[in-house]
Amino acid sequence: MGGPWVIRPARPTDAAEIERVARAAWHAAYDPVLGPVVVDSVVDRWYALGTLRTEIEEARWFFVAVEDGSVVGYTHAGRLAGRPRIAELYRIYVDPERWNGGIGTALLGAVLDAACSAGTERIRLLVLADNEVGIEFYRARGFESVGRTTTTLGDTEYEELVFERGC
């Protein structure tokens with residue numbers, strides 16, 4: 001699918017590798033904004049292996065990119081609560097050593113194909129307003145900013161942008 005990697009559904013046995021990719025990607029993307037202590041705290045909480053395994057088992061759409069037997073990226077999406085025609089992209093991260101190689105685009109394509117084939121009309125996501133790389137990635141793939149919200153990470157509140165695109 002565009003590279004030496006393949007995209008496939010995630011398995012609970014992928015959890016440790018997904019956590020490894022998450023930690024590396026979060027540090028690369030968010031250390032300048034959040035600081036490394038907050039990044040570690042968020043990853044520890046959001047990617048606890050037991051919780052992550054359960055999320056993989058219960059996820060509607062959770063895909064990994066695998067290269068040479070190792071996870072190099074992942075994406076996770078599901079239906080927006082109470083809005084069956086809208087899917088929410090929860091996560092999409094790629095090992096920073098593999099950035100700009102098409103893996104993120106392929107992962108996004110896999111989740112869009114799956115969600116749109118299942119009757120989704122729109123895909124929604126949140127991105128930190130200070131994440132210029134993420135914002136550029138989504139805009140280049142047809143997403144438009146449709147609103148703003150906030151989230152608390154550590155003890156600080158951060159602005160997030162709401163992006164959407166149609167199927």
# chains A, B, ... in the order shown; residues from 1 in each chain; ligands from 1

$ residues_around --residues "Val71 (chain A)" --least-positions-apart "4" --cutoff "8 Å" --atoms "only C-alpha atoms" --output "compact mmCIF listing (two decimals) with C-alpha atoms, in the first residue's frame"
# COMPACT_ATOMS: atom_id res chain seq x y z
CA ASP A 14 0.22 -4.87 19.11
CA GLU A 17 4.39 -1.43 20.01
CA ILE A 18 1.54 1.07 19.62
CA VAL A 21 5.14 4.63 18.67
CA VAL A 64 -1.64 -0.37 12.29
CA ALA A 65 1.10 0.09 9.72
CA VAL A 66 3.64 -2.73 10.02
CA GLU A 67 7.11 -2.76 8.51

$ residues_around --residues "region 42-55 of chain A" --least-positions-apart "4" --cutoff "9 Å" --atoms "only C-alpha atoms" --output "list of chain:residue names"
A:Arg11, A:Pro12, A:Thr13, A:Asp14, A:Ala15, A:Ala16, A:Ile18, A:Glu19, A:Ala22, A:Arg23, A:Trp26, A:Val37, A:Val38, A:Ala59, A:Phe62, A:Leu153, A:Gly154

$ closest_residue --among "A:Leu125, A:Ala10, A:Leu34, A:Ala110" --to "Tyr90 (chain A)" --atoms "only C-alpha atoms"
A:Leu125

$ residues_around --residues "Trp61 (chain A)" --least-positions-apart "6" --cutoff "10 Å" --atoms "only C-alpha atoms" --output "PyMOL selection string"
chain A and resi 9-10+75-79+87+89+110-112+114-115

$ select_by_dssp --residues "chain A" --states "alpha helix (DSSP H)" --output "PyMOL selection string"
chain A and resi 15-34+36-46+49-58+103-117+132-140

$ closest_residue --among "A:Arg141, A:Arg85, A:Arg8, A:Arg91" --to "Thr120 (chain A)" --atoms "only C-alpha atoms"
A:Arg85

$ residues_around --residues "Thr149 (chain A)" --least-positions-apart "6" --cutoff "7 Å" --atoms "only C-alpha atoms" --output "number ranges by chain"
A: 159-161

$ closest_residue --among "A:Pro84, A:Gly102, A:Gly166, A:Gly142" --to "Ala118 (chain A)" --atoms "only C-alpha atoms"
A:Pro84

$ atom_distance --atom1 "CA of Arg60 (chain A)" --atom2 "CA of Val94 (chain A)"
19.9 Å

$ closest_residue --among "A:Phe137, A:Tyr93, A:Tyr158, A:Tyr74" --to "Val6 (chain A)" --atoms "only C-alpha atoms"
A:Tyr74

$ select_by_dssp --residues "chain A" --states "strand (DSSP E)" --output "NGL selection string"
:A and (6-9 or 61-67 or 70-80 or 83-94 or 122-128 or 144-153 or 156-166)

$ closest_residue --among "A:Phe143, A:Thr152, A:Val162, A:Val72" --to "Glu97 (chain A)" --atoms "only C-alpha atoms"
A:Val72

$ closest_residue --among "A:Gly119, A:Gly73, A:Gly82, A:Gly147" --to "Ala25 (chain A)" --atoms "only C-alpha atoms"
A:Gly73

$ atom_distance --atom1 "CA of Trp5 (chain A)" --atom2 "CA of Gly104 (chain A)"
11.4 Å
